[in-house]
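These notes are about the structure you will find just below.
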Amino acid sequence: MEAFNAAADWLAGEAFQLQTANKVKLQQLYYQNLRDKFGLSSQMAVRCIAQVCEAFSRDRNKRPHFRKYASIPYDQRLMSFKGVDRVSLLTLEGRIIVPFIMGKYQSERFNGKHGQCDLVRRKDGKWFLLVTVDLPDGAPTPATDFMGVDLGVENIAVDSDGERFSGAGIERVRQKRHKQRQALQQAAAKRKAKGHRPKSIRRKLRNASGKESQFRRDVNHVISKQLVEKATDTGRGIGIEDLTGIRERTRFRKNQRAKMSGWSFHQLRTFIEYKAAIARVRLVAVDPKYTSQTCSQCGHREKANRKSQSEFECRRCGFKTHADFNGALNIRAKAQVNAPMVSEKRNPAKYRDKLHLKRASV
């Protein structure tokens with residue numbers, strides 16, 4: 001891993017100087033350098049060149065950098081599975097057989113393993129193999145009714161049945177981690193000013209990093225699973241807001257910016273999409289425009305209908321309810337007008353997932 005990423009980082013500098021992401025050209029120029037200078041095998045050198053080209057082609061104005069312990073790709077020439085509990089991996093010293101363990105979710109889908117895998121070393125030193133699998137993506141079950149889902153910050157999601165998934169827990173964790181980072185950074189600065197090396201404080205900062213995003217990711221998995229299960233059990237499709245570009249379109253107050261920057265609506269939508277694809281639940285993305293201002297009962301649209309973040313009261317018919325619930329009802333109504341399916345636009349013929357296989361202790 002260290003050799004591969006050192007080679008990739010060096011090659012990225014060469015590619016940036018030449019301003020090329022052409023795999024053939026870089027292979028002609030630097031293939032032998034990668035083998036001689038970093039000790040990579042022939043196929044590992046080829047994968048290194050491909051990795052650099054992929055990274056550089058995303059933005060040619062920036063020089064890509066590769067961390068010392070960034071993931072490394074293993075294709076079928078570098079890796080082979082030996083049953084359901086061992087894998088053969090090519091290293092600088094030759095092939096090694098590594099035992100691994102997988103849970104029920106992984107074992108049910110393991111027969112669909114496909115192509116390249118990624119070897120990952122987590123911060124705590126544990127190793128994972130991310131295995132790509134193909135799952136059949138059959139046509140979604142026909143749906144005449146939909147469950148609308150309104151996405152937000154105070155309430156992460158509210159469905160048209162009235163169930164709310166509060167964002168209060170995520171906000172508490174965000175504030176807690178923010179205060180913890182501030183306190184540790186101030187303590188490190190004080191120790192450094194006194195001429196001491198704040199190694200223990202830096203270690204605490206490293207250990208704390210990522211925990212907020214892990215918590216948010218877990219919450220989004222739970223919410224998406226519950227929404228898809230509810231739609232499956234009731235034979236409905238799911239209507240969801242298309243919030244692409246909302247951060248660029250919307251201005252936020254200064255005291256709202258930190259909270260909004262941590263709003264992971266895209267991650268939640270992605271989780272709902274792939275879980276719906278597996279469950280064959282029809283998913284429709286609708287334009288969220290005016291869903292918060294329109295009365296779901298009489299259709300009257302007026303900005304004053306939205307009295308506050310949580311209150312909705314129609315100025316025409318007097319209908320009162322929670323504002324997010326009213327929005328979810330409007331999203332449900334929009335989804336019922338036969339909008340294009342997300343699965344037809346964004347998903348390939350087969351759905352592709354990642355299985356996390358953990359290295360077994362030996």
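Each chain in the structure tokens gets a letter, A, B and so on, in the order shown; residues start at 1 in every chain, and ligands are counted from 1 in the order they appear.
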
Exercise. Could you pull out all residues of region 3-179 of chain A with a DSSP call of alpha helix (DSSP H) and give them as a ChimeraX atom specification?
Worked result: /A:3-18,23-38,42-58,104-109,168-179

For this session: Using only C-alpha atoms, determine which residues lie at most 9 Å from Ser310 (chain A), disregarding the query and same-chain residues fewer than 5 positions distant; provide the list as a PyMOL selection string.
Result: chain A and resi 154+321-324

For this session: Show which residues sit within 10 Å of Asp287 (chain A), as a list in words. Count only C-alpha atoms, and ignore same-chain residues fewer than 3 positions away.
Result: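 Here the answer would be Ile240, Glu241, Asp242, Leu243, Thr244, Tyr290, Thr291, Ile331, Lys334, Ala335 and Ala339 of chain A.
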
Resulting file, chosen residues, N, CA, C and O atoms, as a PDB file, in the first residue's frame:
ATOM      1  N   ILE A 240     -39.721  11.739  -4.008  1.00  0.00           N
ATOM      2  CA  ILE A 240     -38.699  12.421  -3.228  1.00  0.00           C
ATOM      3  C   ILE A 240     -38.288  13.711  -3.939  1.00  0.00           C
ATOM      4  O   ILE A 240     -38.371  13.811  -5.171  1.00  0.00           O
ATOM      5  N   GLU A 241     -37.874  14.701  -3.160  1.00  0.00           N
ATOM      6  CA  GLU A 241     -37.472  15.981  -3.732  1.00  0.00           C
ATOM      7  C   GLU A 241     -36.137  15.859  -4.472  1.00  0.00           C
ATOM      8  O   GLU A 241     -35.223  15.194  -4.005  1.00  0.00           O
ATOM      9  N   ASP A 242     -36.044  16.547  -5.594  1.00  0.00           N
ATOM     10  CA  ASP A 242     -34.763  16.681  -6.292  1.00  0.00           C
ATOM     11  C   ASP A 242     -34.129  17.990  -5.825  1.00  0.00           C
ATOM     12  O   ASP A 242     -34.476  19.075  -6.293  1.00  0.00           O
ATOM     13  N   LEU A 243     -33.189  17.882  -4.881  1.00  0.00           N
ATOM     14  CA  LEU A 243     -32.592  19.065  -4.257  1.00  0.00           C
ATOM     15  C   LEU A 243     -31.231  19.416  -4.859  1.00  0.00           C
ATOM     16  O   LEU A 243     -30.445  20.132  -4.242  1.00  0.00           O
ATOM     17  N   THR A 244     -30.954  18.925  -6.058  1.00  0.00           N
ATOM     18  CA  THR A 244     -29.673  19.214  -6.702  1.00  0.00           C
ATOM     19  C   THR A 244     -29.445  20.719  -6.810  1.00  0.00           C
ATOM     20  O   THR A 244     -30.303  21.448  -7.306  1.00  0.00           O
ATOM     21  N   TYR A 290     -42.098  25.352  -4.614  1.00  0.00           N
ATOM     22  CA  TYR A 290     -43.380  25.764  -4.025  1.00  0.00           C
ATOM     23  C   TYR A 290     -44.077  24.683  -3.199  1.00  0.00           C
ATOM     24  O   TYR A 290     -45.220  24.878  -2.776  1.00  0.00           O
ATOM     25  N   THR A 291     -43.436  23.538  -2.962  1.00  0.00           N
ATOM     26  CA  THR A 291     -44.102  22.504  -2.155  1.00  0.00           C
ATOM     27  C   THR A 291     -44.304  22.950  -0.711  1.00  0.00           C
ATOM     28  O   THR A 291     -45.196  22.455  -0.032  1.00  0.00           O
ATOM     29  N   ILE A 331     -45.493  16.596  -2.399  1.00  0.00           N
ATOM     30  CA  ILE A 331     -44.542  15.760  -3.146  1.00  0.00           C
ATOM     31  C   ILE A 331     -45.228  14.480  -3.613  1.00  0.00           C
ATOM     32  O   ILE A 331     -45.033  14.027  -4.746  1.00  0.00           O
ATOM     33  N   LYS A 334     -47.325  15.327  -6.618  1.00  0.00           N
ATOM     34  CA  LYS A 334     -46.513  15.517  -7.826  1.00  0.00           C
ATOM     35  C   LYS A 334     -46.020  14.185  -8.370  1.00  0.00           C
ATOM     36  O   LYS A 334     -45.929  13.991  -9.592  1.00  0.00           O
ATOM     37  N   ALA A 335     -45.667  13.260  -7.461  1.00  0.00           N
ATOM     38  CA  ALA A 335     -45.172  11.952  -7.905  1.00  0.00           C
ATOM     39  C   ALA A 335     -46.249  11.165  -8.625  1.00  0.00           C
ATOM     40  O   ALA A 335     -45.942  10.325  -9.486  1.00  0.00           O
ATOM     41  N   ALA A 339     -44.194  11.154 -13.187  1.00  0.00           N
ATOM     42  CA  ALA A 339     -42.893  11.732 -13.510  1.00  0.00           C
ATOM     43  C   ALA A 339     -41.935  10.623 -13.910  1.00  0.00           C
ATOM     44  O   ALA A 339     -42.133   9.462 -13.568  1.00  0.00           O
TER      45      ALA A 339
END

For this session: Quick one: pick out all strand (DSSP E or B) residues within region 191-345 of chain A from a backbone DSSP run and write them as a list in words.
Result: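 Of region 191-345 of chain A, only Gly237, Ile238, Gly239, Ile240, Glu241, Val281, Leu283, Val284, Ala285, Val286, Thr294, Arg301, Arg306, Glu311, Phe312, Glu313, Lys320, Thr321, His322 and Met341 of chain A fall in strand (DSSP E or B).
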
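Taking only C-alpha atoms into account, Lys230 (chain A) lies nearest to A:Val281 out of the set A:Val281, A:Ala189, A:Ile201, A:Leu40.
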
Exercise. Quick one: distance from CA of Ala285 (chain A) to CA of Arg306 (chain A) in Å, one decimal?
Worked result: 22.9 Å
